[in-house]
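J.: Quick one, protein34.txt (compact mmCIF, C-alpha atoms):
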# COMPACT_ATOMS: atom_id res chain seq x y z
CA THR W 1 -10.85 11.71 19.13
CA ALA W 2 -8.74 12.14 16.03
CA GLY W 3 -6.89 9.23 14.49
CA PRO W 4 -7.06 5.51 15.20
CA CYS W 5 -5.20 5.78 18.51
CA THR W 6 -4.58 8.60 20.96
CA SER W 7 -3.66 9.12 24.60
CA LEU W 8 -5.61 10.55 27.51
CA GLU W 9 -3.03 13.33 27.93
CA GLU W 10 -3.51 14.42 24.32
CA LEU W 11 -7.28 14.49 24.76
CA LEU W 12 -7.03 16.60 27.91
CA GLU W 13 -4.73 19.09 26.19
CA ALA W 14 -7.14 19.33 23.26
CA HIS W 15 -10.04 19.75 25.69
CA THR W 16 -8.46 22.83 27.30
CA GLN W 17 -8.11 24.45 23.86
CA ASP W 18 -11.54 23.48 22.53
CA VAL W 19 -13.22 26.81 23.27
CA GLN W 20 -15.42 29.32 21.48
CA GLY W 21 -16.00 33.07 21.55
CA THR W 22 -13.83 35.19 23.80
CA ILE W 23 -12.72 32.28 25.99
CA THR W 24 -9.02 31.53 25.44
CA GLY W 25 -8.83 28.23 27.31
CA ARG W 26 -10.21 25.99 30.02
CA SER W 27 -8.72 25.47 33.45
CA TYR W 28 -9.92 23.77 36.61
CA ARG W 29 -9.54 23.71 40.36
CA LEU W 30 -8.25 20.20 40.94
CA PRO W 31 -10.33 17.94 43.23
CA PRO W 32 -9.01 15.23 45.58
CA VAL W 33 -10.50 12.59 43.24
CA LEU W 34 -10.50 13.27 39.49
CA TRP W 35 -13.26 11.79 37.33
CA VAL W 36 -12.65 11.92 33.55
CA ASN W 37 -15.68 11.27 31.33
CA LEU W 38 -14.97 10.42 27.68
CA ASP W 39 -17.61 11.41 25.14
CA ARG W 40 -17.76 8.22 23.06
CA PHE W 41 -21.13 8.99 21.41
CA VAL W 42 -21.65 11.47 18.58
CA PHE W 43 -24.43 12.31 16.14
CA ASP W 44 -23.67 11.39 12.53
CA ARG W 45 -25.36 14.11 10.46
CA ALA W 46 -24.82 12.21 7.22
CA ALA W 47 -26.54 9.09 8.53
CA MET W 48 -28.89 11.10 10.78
CA ARG W 49 -28.32 8.81 13.73
CA GLY W 50 -26.03 8.39 16.68
CA ARG W 51 -22.84 6.38 16.46
CA LYS W 52 -20.03 5.35 18.74
CA ARG W 53 -16.48 6.59 18.30
CA GLN W 54 -14.15 3.64 17.74
CA ALA W 55 -10.78 5.35 18.37
CA GLN W 56 -8.36 3.46 20.58
CA LEU W 57 -7.36 5.29 23.76
CA THR W 58 -4.38 4.69 26.04
CA PHE W 59 -4.11 6.02 29.59
CA PRO W 60 -1.20 6.11 32.06
CA GLU W 61 -0.86 4.52 35.47
CA VAL W 62 -0.15 7.99 36.92
CA LEU W 63 -1.74 10.99 35.19
CA ASN W 64 0.02 14.37 35.28
CA VAL W 65 -2.73 17.01 34.89
CA TRP W 66 -0.50 20.05 34.39
CA MET W 67 -2.59 20.98 31.33
CA LEU W 68 -5.73 21.48 33.45
CA VAL W 69 -4.40 24.19 35.78
CA PRO W 70 -4.62 27.92 34.87
CA PRO W 71 -1.96 28.62 32.23
CA GLY W 72 -0.97 31.98 33.73
CA GLU W 73 0.25 30.53 37.03
CA PRO W 74 4.03 31.07 37.30
CA TRP W 75 4.64 27.74 39.03
CA VAL W 76 3.28 25.78 36.04
CA GLN W 77 5.38 27.46 33.34
CA GLY W 78 8.20 24.94 33.59
CA LEU W 79 5.76 22.07 33.12
CA ARG W 80 4.16 23.76 30.14
CA GLN W 81 7.53 24.29 28.48
CA ASN W 82 8.40 20.66 29.03
CA GLY W 83 4.98 19.72 27.66
CA ASP W 84 5.84 21.57 24.44
CA ARG W 85 9.16 19.69 24.27
CA MET W 86 7.31 16.41 24.84
CA ARG W 87 4.95 17.10 21.92
CA GLU W 88 7.91 17.88 19.69
CA LEU W 89 9.65 14.65 20.70
CA GLN W 90 6.47 12.66 20.05
CA ARG W 91 6.16 14.25 16.60
CA LYS W 92 9.77 13.37 15.72
CA LEU W 93 9.34 9.86 17.07
CA GLN W 94 6.20 9.32 15.01
CA GLU W 95 7.97 10.51 11.86
CA ASN W 96 10.96 8.31 12.65
CA ARG W 97 8.81 5.21 13.10
CA ALA W 98 7.01 5.85 9.85
CA GLU W 99 10.36 6.18 8.06
CA VAL W 100 11.68 2.99 9.69
CA ALA W 101 8.60 1.13 8.49
CA ARG W 102 9.10 2.47 4.96
CA LYS W 103 12.82 1.63 4.89
CA SER W 104 12.10 -1.88 6.20
CA SER W 105 9.93 -2.78 3.21
CA PRO W 106 11.37 -5.24 0.64
CA GLU W 107 11.24 -2.54 -2.07
CA GLU W 108 13.64 -0.32 -0.10
CA GLN W 109 16.12 -3.09 0.72
CA VAL W 110 17.32 -3.54 -2.87
CA TRP W 111 19.45 -0.43 -3.19
CA GLU W 112 23.00 -0.15 -1.83
CA GLY W 113 23.34 1.44 1.58
CA ALA W 114 19.73 0.66 2.59
CA GLU W 115 20.77 -1.36 5.63
CA GLU W 116 23.11 1.36 6.88
CA ALA W 117 20.40 4.01 6.47
CA LEU W 118 17.94 1.82 8.37
CA MET W 119 20.41 1.35 11.22
CA GLN W 120 20.86 5.12 11.48
CA LEU W 121 17.11 5.57 11.77
CA VAL W 122 16.93 2.90 14.49
CA GLU W 123 19.69 4.64 16.44
CA GLN W 124 17.83 7.94 16.11
CA GLN W 125 14.68 6.25 17.41
CA GLU W 126 16.51 4.89 20.44
CA ALA W 127 17.92 8.35 21.19
CA LEU W 128 14.46 9.95 20.90
CA ILE W 129 12.94 7.34 23.21
CA GLU W 130 15.69 7.95 25.77
CA GLN W 131 15.07 11.71 25.63
CA GLN W 132 11.35 11.11 26.03
CA GLN W 133 11.88 8.91 29.10
CA ARG W 134 14.16 11.49 30.74
CA LEU W 135 11.67 14.26 30.07
CA GLU W 136 8.84 12.13 31.50
CA GLU W 137 10.84 11.67 34.71
CA VAL W 138 11.45 15.42 34.97
CA MET W 139 7.77 16.21 34.42
CA ALA W 140 6.75 13.57 36.97
CA CYS W 141 9.00 15.20 39.59
CA GLN W 142 7.59 18.64 38.78
CA GLY W 143 4.04 17.29 38.95
CA ALA W 144 4.68 15.62 42.31
CA GLU W 145 6.07 18.87 43.74
CA GLN W 146 2.88 20.71 42.73
CA GLU W 147 0.53 17.83 43.67
CA LEU W 148 -0.66 17.34 40.08
CA LEU W 149 -0.38 13.55 39.92
CA TYR W 150 -3.39 11.22 40.01
CA ARG W 151 -3.01 7.44 40.34
CA LEU W 152 -5.43 5.34 38.32
CA GLN W 153 -8.02 3.70 40.61
CA ALA W 154 -10.95 2.60 38.42
CA VAL W 155 -12.13 2.38 34.80
CA ILE W 156 -15.71 2.06 33.48
CA VAL W 157 -16.11 0.27 30.13
CA HIS W 158 -19.01 0.32 27.67
CA SER W 159 -19.46 -2.56 25.24
CA GLY W 160 -21.96 -2.30 22.42
CA ARG W 161 -23.59 0.40 20.33
CA VAL W 162 -25.20 3.76 21.02
CA ASP W 163 -28.68 2.31 21.47
CA SER W 164 -27.67 -0.90 23.26
CA GLY W 165 -24.83 -2.37 25.21
CA HIS W 166 -23.49 -3.14 28.64
CA TYR W 167 -21.42 -1.32 31.26
CA TYR W 168 -18.90 -3.02 33.52
CA SER W 169 -15.95 -1.71 35.49
CA TYR W 170 -12.50 -2.40 36.84
CA SER W 171 -11.16 -1.18 40.18
CA ARG W 172 -7.79 -1.50 41.80
CA SER W 173 -7.68 -4.43 44.19
CA PRO W 174 -7.27 -3.47 47.87
CA VAL W 175 -5.25 -6.66 48.48
CA SER W 176 -2.92 -6.62 45.48
CA GLY W 177 0.71 -7.71 45.82
CA ASN W 178 2.42 -10.90 46.94
CA GLY W 179 1.18 -12.72 43.85
CA ARG W 180 -2.37 -11.39 44.12
CA ALA W 181 -4.16 -9.83 41.16
CA ALA W 182 -3.79 -6.07 40.89
CA TRP W 183 -7.32 -5.37 39.60
CA VAL W 184 -10.90 -6.57 40.08
CA CYS W 185 -13.54 -6.80 37.32
CA HIS W 186 -17.11 -5.94 38.37
CA ASN W 187 -19.58 -7.37 35.85
CA ASP W 188 -23.11 -7.31 37.31
CA ALA W 189 -23.13 -9.82 40.20
CA THR W 190 -19.80 -11.35 39.12
CA VAL W 191 -16.60 -10.05 40.71
CA LEU W 192 -13.37 -11.55 39.40
CA PRO W 193 -9.69 -10.72 40.04
CA CYS W 194 -7.53 -9.93 37.02
CA THR W 195 -4.07 -8.71 36.09
CA THR W 196 -3.12 -5.26 34.86
CA GLU W 197 -2.51 -6.69 31.38
CA GLU W 198 -6.02 -8.19 31.27
CA MET W 199 -7.55 -4.90 32.40
CA ARG W 200 -5.70 -2.86 29.78
CA LYS W 201 -6.51 -5.37 27.05
CA LYS W 202 -10.21 -4.76 27.63
CA CYS W 203 -10.11 -1.07 28.50
CA GLU W 204 -7.60 0.22 25.96
CA GLY W 205 -8.70 -2.20 23.24
CA MET W 206 -6.59 -4.39 21.01
CA PRO W 207 -5.74 -3.29 17.43
CA ASP W 208 -8.04 -5.92 15.90
CA GLN W 209 -10.94 -4.73 18.07
CA VAL W 210 -10.83 -1.09 16.97
CA GLY W 211 -13.47 -0.29 14.39
CA ARG W 212 -15.86 -3.13 15.04
CA PRO W 213 -19.36 -1.74 14.71
CA ALA W 214 -21.35 -3.50 17.36
CA THR W 215 -19.49 -5.87 19.65
CA GLU W 216 -16.01 -4.44 20.12
CA ALA W 217 -14.16 -5.36 23.30
CA ARG W 218 -16.75 -7.73 24.67
CA PRO W 219 -16.96 -7.83 28.48
CA PRO W 220 -15.64 -10.89 30.25
CA ARG W 221 -18.13 -13.73 30.14
CA SER W 222 -19.68 -14.32 33.52
CA PRO W 223 -19.43 -17.91 34.78
CA PRO W 224 -22.72 -19.62 35.68
CA ARG W 225 -23.69 -18.82 39.22
CA PRO W 226 -24.81 -21.57 41.61
CA ARG W 227 -28.41 -21.58 42.79
CA PRO W 228 -28.59 -19.62 46.05
CA ARG W 229 -29.15 -21.81 49.09
CA LEU W 230 -30.40 -19.82 52.05
CA VAL W 231 -30.93 -22.91 54.25
CA GLU W 232 -28.87 -26.07 54.14
CA GLU W 233 -30.98 -28.90 52.77
CA ILE W 234 -31.46 -31.79 55.25
CA PRO W 235 -32.77 -35.22 54.21
CA ARG W 236 -36.41 -35.74 55.11
CA GLU W 237 -35.80 -38.81 57.27
CA GLN W 238 -33.12 -36.93 59.20
CA THR W 239 -35.54 -34.05 59.78
CA ALA W 240 -38.21 -36.44 61.05
CA GLU W 241 -35.72 -38.05 63.43
CA SER W 242 -34.70 -34.61 64.68
CA ARG W 243 -38.31 -33.78 65.41
CA LYS W 244 -38.68 -36.97 67.47
CA VAL W 245 -35.59 -36.11 69.49
CA ALA W 246 -36.81 -32.56 70.01
CA ALA W 247 -40.24 -33.79 71.13
CA GLY W 248 -38.64 -36.29 73.51
CA ASN W 249 -36.48 -33.57 74.99
CA ALA W 250 -39.50 -31.33 75.40
CA THR W 251 -41.54 -33.95 77.35
CA ALA W 252 -38.71 -35.52 79.31
CA PRO W 253 -39.13 -34.94 83.06
CA SER W 254 -36.45 -32.97 84.74
CA GLY W 255 -34.41 -34.69 87.34
CA GLY W 256 -35.53 -33.85 90.88
CA GLY W 257 -33.25 -33.02 93.68
CA SER W 258 -33.21 -34.52 97.13
Rewrite the structure of this file - the entire thing - as structure tokens.
T.:
Amino acid sequence: TAGPCTSLEELLEAHTQDVQGTITGRSYRLPPVLWVNLDRFVFDRAAMRGRKRQAQLTFPEVLNVWMLVPPGEPWVQGLRQNGDRMRELQRKLQENRAEVARKSSPEEQVWEGAEEALMQLVEQQEALIEQQQRLEEVMACQGAEQELLYRLQAVIVHSGRVDSGHYYSYSRSPVSGNGRAAWVCHNDATVLPCTTEEMRKKCEGMPDQVGRPATEARPPRSPPRPRPRLVEEIPREQTAESRKVAAGNATAPSGGGS
């Protein structure tokens, strides 16, 4: 992963182009359930040891996998053209945001016309975001027509280093809605409901968690579990009384008939 933060779509596009030799690209036959495995562990040749990549990754609620199908298929050409437009819009938006941040600094606010220039940049940003949203809607419709959309169902998280750590997971709750939590956290024997925001906070990582060497994005702390009780405990005197009653019932003569 390049840069401090990237998206799953960008990684998948880069994956299809990461080829060697005479191969021009990767493509796949799409399965009913799509499993995406992120390679978070690399070998640091300078340090001569393994390390964990600390880049922040975002992922969508619905993933459009147009970049994974064979590029020569005629029915995917419209999606690929829109994908190129989306990358161009994202590039312009990134440049615009960087310029807005620079113009917003106190050093840039001293010269005449700085506020007007900043307002023009903000208006440009709003227009770019609106174009991006419209293009996303078009690509979503195209992806739905070609059955290229996958809805997020589960996420597996690793906390720790290369040589140590802990895995836990989140899955979509089967009973979400009507005020119920949308997700469930599975952490060893502990299963807890959680919101979408809580899930993304742990899975995508917060800005202050990126780059921590050993304990980034700690898993939710499991509450202490009660001691298992297979049989309900009965006071000793009550048990003794029960035995007397049982013995009496066992030796009591049955009533005879006439």
J.: Identify the residues within 12 Å of coordinate (3.0, 16.6, 42.9) (same frame as the file), considering all atoms listed in the file, and give the answer as a list in words.
T.: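 Applying the cut-off with all atoms listed in the file, one gets Leu30, Val62, Leu63, Asn64, Val65, Trp66, Trp75, Val76, Leu79, Val138, Met139, Ala140, Cys141, Gln142, Gly143, Ala144, Glu145, Gln146, Glu147, Leu148, Leu149, Tyr150 and Arg151 of chain W.
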J.: If I take atom CA of W:Arg161 and atom CA of W:Leu34, how far is one from the other in Å, to one decimal?
T.: 26.5 Å
J.: Go through W:Gly25, W:Pro32, W:Gly50, W:Gly205 and flag the residue nearest W:Leu68, using only C-alpha atoms for the distances.
T.: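 Selected residue with least distance to W:Leu68: W:Gly25.
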J.: Which residue is closest to W:Gln81? Choose from W:Glu10, W:Ala181, W:Met67, W:Asp163 and count all atoms listed in the file.
T.: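 Comparing W:Glu10, W:Ala181, W:Met67, W:Asp163 against W:Gln81, the winner is W:Met67.
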J.: Just how far from atom CA of W:Leu38 is atom CA of W:Gln153, in Å to one decimal?
T.: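 Taking atom CA of W:Gln153 as the start and atom CA of W:Leu38 as the end point, the length is 16.1 Å.
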J.: At what distance in Å, to one decimal, does atom CA of W:Ser169 lie from atom CA of W:Ala14?
T.: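 Computed distance, atom CA of W:Ala14 to atom CA of W:Ser169, equals 25.9 Å.
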J.: Can you tell me which residues surround W:His166 at a distance of at most 10 Å, considering all atoms listed in the file, apart from same-chain residues fewer than 2 positions away, and format the answer as a PyMOL selection string?
T.: chain W and resi 157-161+164+168+187-188+218-219
J.: Would you pick out the contacts of W:Ser171 at 12 Å or less, using only C-alpha atoms, so that residues sharing its chain but fewer than 2 positions from it are not included, and give the list as a list of chain:residue names?
T.: W:Arg151, W:Leu152, W:Gln153, W:Ala154, W:Val155, W:Ile156, W:Val157, W:Tyr168, W:Ser169, W:Ser173, W:Pro174, W:Val175, W:Ser176, W:Ala181, W:Ala182, W:Trp183, W:Val184, W:Cys185, W:His186, W:Asn187, W:Val191, W:Leu192, W:Pro193, W:Cys194, W:Thr195, W:Thr196, W:Met199, W:Arg200, W:Cys203
J.: Skipping near chain neighbours, those fewer than 6 positions away, what residues fall within 8 Å of stretch 120-122 of chain W using all atoms listed in the file, listed as a PyMOL selection string?
T.: chain W and resi 96+99-100
